[in-house]
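Here is coords18.cif, consisting of mmCIF, C-alpha atoms:
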data_coords
loop_
_atom_site.label_atom_id
_atom_site.label_comp_id
_atom_site.auth_asym_id
_atom_site.auth_seq_id
_atom_site.Cartn_x
_atom_site.Cartn_y
_atom_site.Cartn_z
CA MET E 89 70.19 0.04 32.33
CA THR E 90 67.53 2.76 32.40
CA GLY E 91 66.61 5.61 34.70
CA SER E 92 68.81 8.36 36.08
CA ARG E 93 69.55 6.48 39.31
CA GLY E 94 70.49 3.32 37.44
CA GLY E 95 72.67 5.35 35.10
CA VAL E 96 74.49 6.98 38.00
CA LEU E 97 75.19 3.62 39.64
CA GLU E 98 76.27 2.13 36.30
CA LEU E 99 78.74 4.98 35.82
CA ALA E 100 80.05 4.61 39.37
CA VAL E 101 80.55 0.84 39.01
CA LEU E 102 82.19 0.99 35.58
CA GLY E 103 84.38 3.92 36.62
CA SER E 104 85.53 2.12 39.76
CA LEU E 105 86.30 -1.12 37.91
CA HIS E 106 88.10 0.80 35.18
CA GLU E 107 90.65 1.82 37.81
CA THR E 108 91.11 -1.66 39.28
CA PRO E 109 89.31 -5.04 39.50
CA LEU E 110 87.42 -5.42 42.77
CA HIS E 111 85.52 -8.10 44.63
CA GLY E 112 82.03 -7.33 45.84
CA TYR E 113 82.93 -6.11 49.33
CA GLU E 114 85.69 -3.81 48.05
CA LEU E 115 83.33 -2.44 45.41
CA ARG E 116 80.65 -1.77 48.04
CA LYS E 117 83.14 0.14 50.19
CA ARG E 118 84.35 2.21 47.26
CA LEU E 119 80.83 3.03 46.10
CA ASN E 120 79.79 3.94 49.61
CA THR E 121 82.66 6.42 49.76
CA LEU E 122 81.97 7.74 46.27
CA LEU E 123 78.18 7.83 46.21
CA GLY E 124 77.70 8.46 49.89
CA MET E 125 79.16 11.94 49.47
CA PHE E 126 76.40 12.89 47.05
CA ARG E 127 73.33 10.77 47.84
CA ALA E 128 72.10 7.81 49.82
CA PHE E 129 73.54 4.54 48.50
CA SER E 130 71.48 1.38 48.79
CA TYR E 131 73.46 -1.85 48.90
CA GLY E 132 70.33 -3.61 47.68
CA SER E 133 70.70 -1.87 44.32
CA LEU E 134 74.32 -2.93 43.76
CA TYR E 135 73.95 -6.62 42.98
CA PRO E 136 71.04 -6.20 40.52
CA CYS E 137 73.23 -3.60 38.80
CA LEU E 138 76.16 -6.05 38.68
CA ARG E 139 73.93 -8.78 37.25
CA GLY E 140 72.72 -6.41 34.56
CA LEU E 141 76.26 -5.38 33.64
CA LEU E 142 77.33 -9.03 33.54
CA ASN E 143 74.42 -9.94 31.26
CA GLU E 144 75.32 -7.09 28.92
CA GLY E 145 78.97 -8.17 28.82
CA LEU E 146 80.19 -4.89 30.27
CA ILE E 147 81.91 -6.55 33.23
CA ALA E 148 83.14 -10.08 33.86
CA GLU E 149 83.58 -12.30 36.89
CA GLU E 150 86.97 -13.76 37.70
CA GLU E 151 86.87 -16.55 40.24
CA PRO E 152 90.25 -17.23 41.90
CA PRO E 153 91.43 -20.85 42.17
CA GLU E 154 90.21 -22.87 45.11
CA ASP E 155 92.12 -22.31 48.32
CA THR E 156 93.82 -25.66 48.86
CA VAL E 157 94.48 -24.98 52.55
CA LEU E 158 91.03 -23.89 53.59
CA GLY E 159 89.20 -25.92 51.00
CA ARG E 160 87.08 -23.00 49.86
CA ARG E 161 87.06 -20.50 47.05
CA SER E 162 88.06 -16.87 47.44
CA LYS E 163 85.64 -14.09 46.65
CA ILE E 164 84.67 -13.42 43.05
CA VAL E 165 86.46 -10.45 41.50
CA TYR E 166 84.67 -8.15 39.05
CA LYS E 167 86.58 -6.51 36.22
CA ILE E 168 85.58 -4.27 33.33
CA THR E 169 85.57 -5.65 29.77
CA ALA E 170 86.49 -3.93 26.51
CA GLU E 171 82.77 -3.38 25.89
CA GLY E 172 82.48 -1.93 29.39
CA LYS E 173 85.28 0.54 28.69
CA GLU E 174 83.43 1.68 25.56
CA ARG E 175 80.23 2.10 27.56
CA LEU E 176 82.12 4.05 30.23
CA GLN E 177 83.48 6.48 27.64
CA GLU E 178 79.96 6.87 26.26
CA LEU E 179 78.66 7.76 29.74
CA LEU E 180 81.56 10.13 30.39
CA SER E 181 80.93 11.95 27.10
CA GLN E 182 77.40 12.90 28.14
CA SER E 183 77.17 16.58 29.00
CA GLY E 184 73.43 17.24 28.84
CA PRO E 185 71.15 18.32 31.70
CA SER E 186 71.18 14.88 33.32
CA SER E 187 74.89 15.33 34.10
CA TRP E 188 74.29 18.64 35.90
CA GLU E 189 71.63 17.52 38.35
CA ASP E 190 72.16 16.86 42.06
CA GLU E 191 71.75 13.12 41.47
CA SER E 192 74.60 12.76 38.99
CA PHE E 193 76.88 15.79 38.95
CA GLY E 194 79.13 14.57 41.77
CA ILE E 195 79.70 11.20 40.09
CA HIS E 196 80.59 12.80 36.76
CA PHE E 197 82.94 15.15 38.59
CA ALA E 198 84.61 12.23 40.42
CA PHE E 199 85.69 10.82 37.04
CA PHE E 200 86.68 14.11 35.39
CA ARG E 201 90.24 12.82 35.01
CA HIS E 202 88.87 10.38 32.40
CA THR E 203 86.67 13.03 30.73
CA GLU E 204 87.53 15.22 27.74
CA ALA E 205 88.19 18.89 28.46
CA GLU E 206 85.29 20.17 26.34
CA VAL E 207 82.84 17.87 28.13
CA ARG E 208 84.17 18.87 31.56
CA LEU E 209 83.62 22.54 30.76
CA ARG E 210 80.08 22.00 29.45
CA ILE E 211 79.13 20.07 32.60
CA LEU E 212 80.58 22.73 34.90
CA GLU E 213 78.87 25.55 33.02
CA GLY E 214 75.59 23.64 32.97
CA ARG E 215 75.79 22.98 36.70
CA ARG E 216 76.51 26.66 37.37
CA SER E 217 73.56 27.73 35.24
CA ARG E 218 71.26 25.33 37.08
CA LEU E 219 72.39 26.60 40.48
CA GLU E 220 72.05 30.25 39.43
CA GLU E 221 68.44 29.51 38.47
CA ARG E 222 67.96 27.92 41.89
CA LEU E 223 69.49 30.94 43.60
CA ASP E 224 67.04 33.28 41.85
CA ARG E 225 64.08 31.17 42.97
CA VAL E 226 65.29 30.93 46.56
CA ARG E 227 65.96 34.68 46.78
CA GLU E 228 62.53 35.49 45.39
CA ALA E 229 60.84 33.10 47.81
CA LEU E 230 62.84 34.47 50.72
CA ALA E 231 61.92 38.06 49.84
CA ARG E 232 58.21 37.15 49.66
CA THR E 233 58.04 35.16 52.90
CA ARG E 234 60.69 36.83 55.08
CA GLU E 235 58.18 38.65 57.29
CA ARG E 236 56.08 35.52 57.86
CA LEU E 237 58.96 33.23 58.89
CA ASP E 238 60.18 32.66 62.41
CA SER E 239 63.85 33.31 63.10
CA TYR E 240 64.90 29.63 62.95
CA THR E 241 63.21 28.93 59.62
CA LEU E 242 64.69 32.13 58.26
CA GLU E 243 68.20 31.09 59.34
CA LEU E 244 67.70 27.66 57.75
CA GLN E 245 66.76 29.28 54.45
CA ARG E 246 69.74 31.63 54.66
CA HIS E 247 72.01 28.66 55.31
CA GLY E 248 70.68 26.91 52.20
CA LEU E 249 71.14 30.07 50.18
CA GLU E 250 74.74 30.48 51.35
CA SER E 251 75.50 26.84 50.53
CA VAL E 252 74.36 27.31 46.93
CA GLU E 253 76.28 30.59 46.67
CA ARG E 254 79.45 28.82 47.85
CA GLU E 255 79.03 26.12 45.21
CA VAL E 256 78.54 28.74 42.51
CA ARG E 257 81.79 30.46 43.58
CA TRP E 258 83.56 27.09 43.56
CA LEU E 259 82.24 26.37 40.05
CA ASN E 260 83.40 29.80 38.86
CA GLU E 261 86.92 28.98 40.08
CA LEU E 262 86.89 25.58 38.36
CA ILE E 263 85.56 27.01 35.10
CA ASP E 264 88.23 29.72 35.09
CA SER E 265 90.88 27.09 35.75
CA GLU E 266 89.57 24.87 32.94
CA ARG E 267 89.63 27.76 30.50
CA ARG E 268 93.17 28.74 31.47
CA SER E 269 94.22 25.11 31.10
CA ARG E 270 92.68 24.89 27.63
CA SER E 271 94.49 28.03 26.51
CA ALA E 272 97.87 26.66 27.65
CA PRO E 273 99.74 24.67 24.95
CA GLY E 274 99.45 20.91 25.40
CA GLU E 275 97.18 21.17 28.45
CA GLY E 276 93.75 20.81 26.86
CA ASP E 277 92.88 17.25 27.87
CA HIS E 278 94.56 17.26 31.28
CA PRO E 279 92.13 18.31 34.03
CA PRO E 280 93.48 21.04 36.31
CA ASP E 281 93.87 20.38 40.00
CA PRO E 282 90.66 21.67 41.69
CA ALA E 283 92.52 22.39 44.93
CA GLN E 284 95.07 24.46 43.03
CA ALA E 285 92.28 26.37 41.31
CA VAL E 286 90.71 27.29 44.64
CA GLN E 287 94.10 28.23 46.11
CA GLU E 288 94.89 30.50 43.15
CA GLU E 289 91.52 32.22 43.44
CA THR E 290 92.03 32.75 47.17
CA GLN E 291 95.49 34.25 46.56
CA ARG E 292 94.07 36.63 43.97
CA ALA E 293 91.34 37.71 46.37
CA ASP E 294 93.92 38.37 49.12
CA THR E 295 96.30 40.33 46.90
CA PRO E 296 95.92 44.13 47.22
CA GLU E 297 94.72 45.81 44.00
CA ALA E 298 97.93 47.87 43.70
CA ASP E 299 100.09 44.72 43.71
CA ARG E 300 98.23 42.94 40.93
#

Could the structure of this file be written out as structure tokens, please?
Amino acid sequence: MTGSRGGVLELAVLGSLHETPLHGYELRKRLNTLLGMFRAFSYGSLYPCLRGLLNEGLIAEEEPPEDTVLGRRSKIVYKITAEGKERLQELLSQSGPSSWEDESFGIHFAFFRHTEAEVRLRILEGRRSRLEERLDRVREALARTRERLDSYTLELQRHGLESVEREVRWLNELIDSERRSRSAPGEGDHPPDPAQAVQEETQRADTPEADR
């Protein structure tokens, strides 16, 4: 399967089926929850993706026995194969620029619990670097055009700037947590709890300097 969008959907499908076999409707609901948080999800792209994964032997169909009472078959269940698990690990090991972009970062992050610690850290650092570059461009553009913008457009740009700044702070907290986790004995391959990382950072920020 080629193309960044196809790769993202492939990762989302294989990652979901790695956790549990699903029939088509269940898979659609799960992908809508997973992908819908990060980008628009087209149901029309799901079944061509499933056909491609079936043809490659990465997933398999399991058709339940015929329902003897209703005289009809239950829905087909999709499950990941051994080859699919290998492909999933290959996708999860990718830490280049394609894993940092808006299109794919959220999906990689959703499966961080199945990702090696070194790869997690590279993706987080790459994402932070990309957003810091974006911040520089937005700040420069805002400084150049501030006087020519009406108040509403200016507020919209400020809102976008603040959103990126918040994500950079969040990434800083996650990166610090990953590094602390790696330095702790026996914790290297176990992803830290993101919520705990944010809570710890908030507690540090609220603690008076004299008490630290």

Notebook entry, point to check: Is there a way to get, as a count of residues only, all residues within 12 Å of the point (83.0, 20.5, 29.0) in file coordinates, counting only C-alpha atoms?
Noted result: 31

Check: Which residues match the PyMOL selection byres ((chain E and resi 222-236) around 8) in the file above, as a PyMOL selection string?
Finding: chain E and resi 218-221+237-238+242+245+249+252-253

Notebook entry, point to check: In Å, how far is it from atom CA of Tyr135 of chain E to atom CA of Leu119 of chain E?
Noted result: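 Separation between atom CA of Tyr135 of chain E and atom CA of Leu119 of chain E: 12.3 Å.
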
Item checked: For Leu99 of chain E, the nearest of the candidates E:Glu178, E:Glu114, E:Glu171, E:Glu243, counting all atoms listed in the file -> E:Glu178

Check: Exactly which residues make up the result of the PyMOL selection byres ((chain E and resi 149) around 6) on this file, given as a PyMOL selection string?
Finding: chain E and resi 148+150+165-166

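Atom pair atom CA of Leu123 of chain E / atom CA of Leu259 of chain E has a distance of 20.0 Å (rounded to one decimal).
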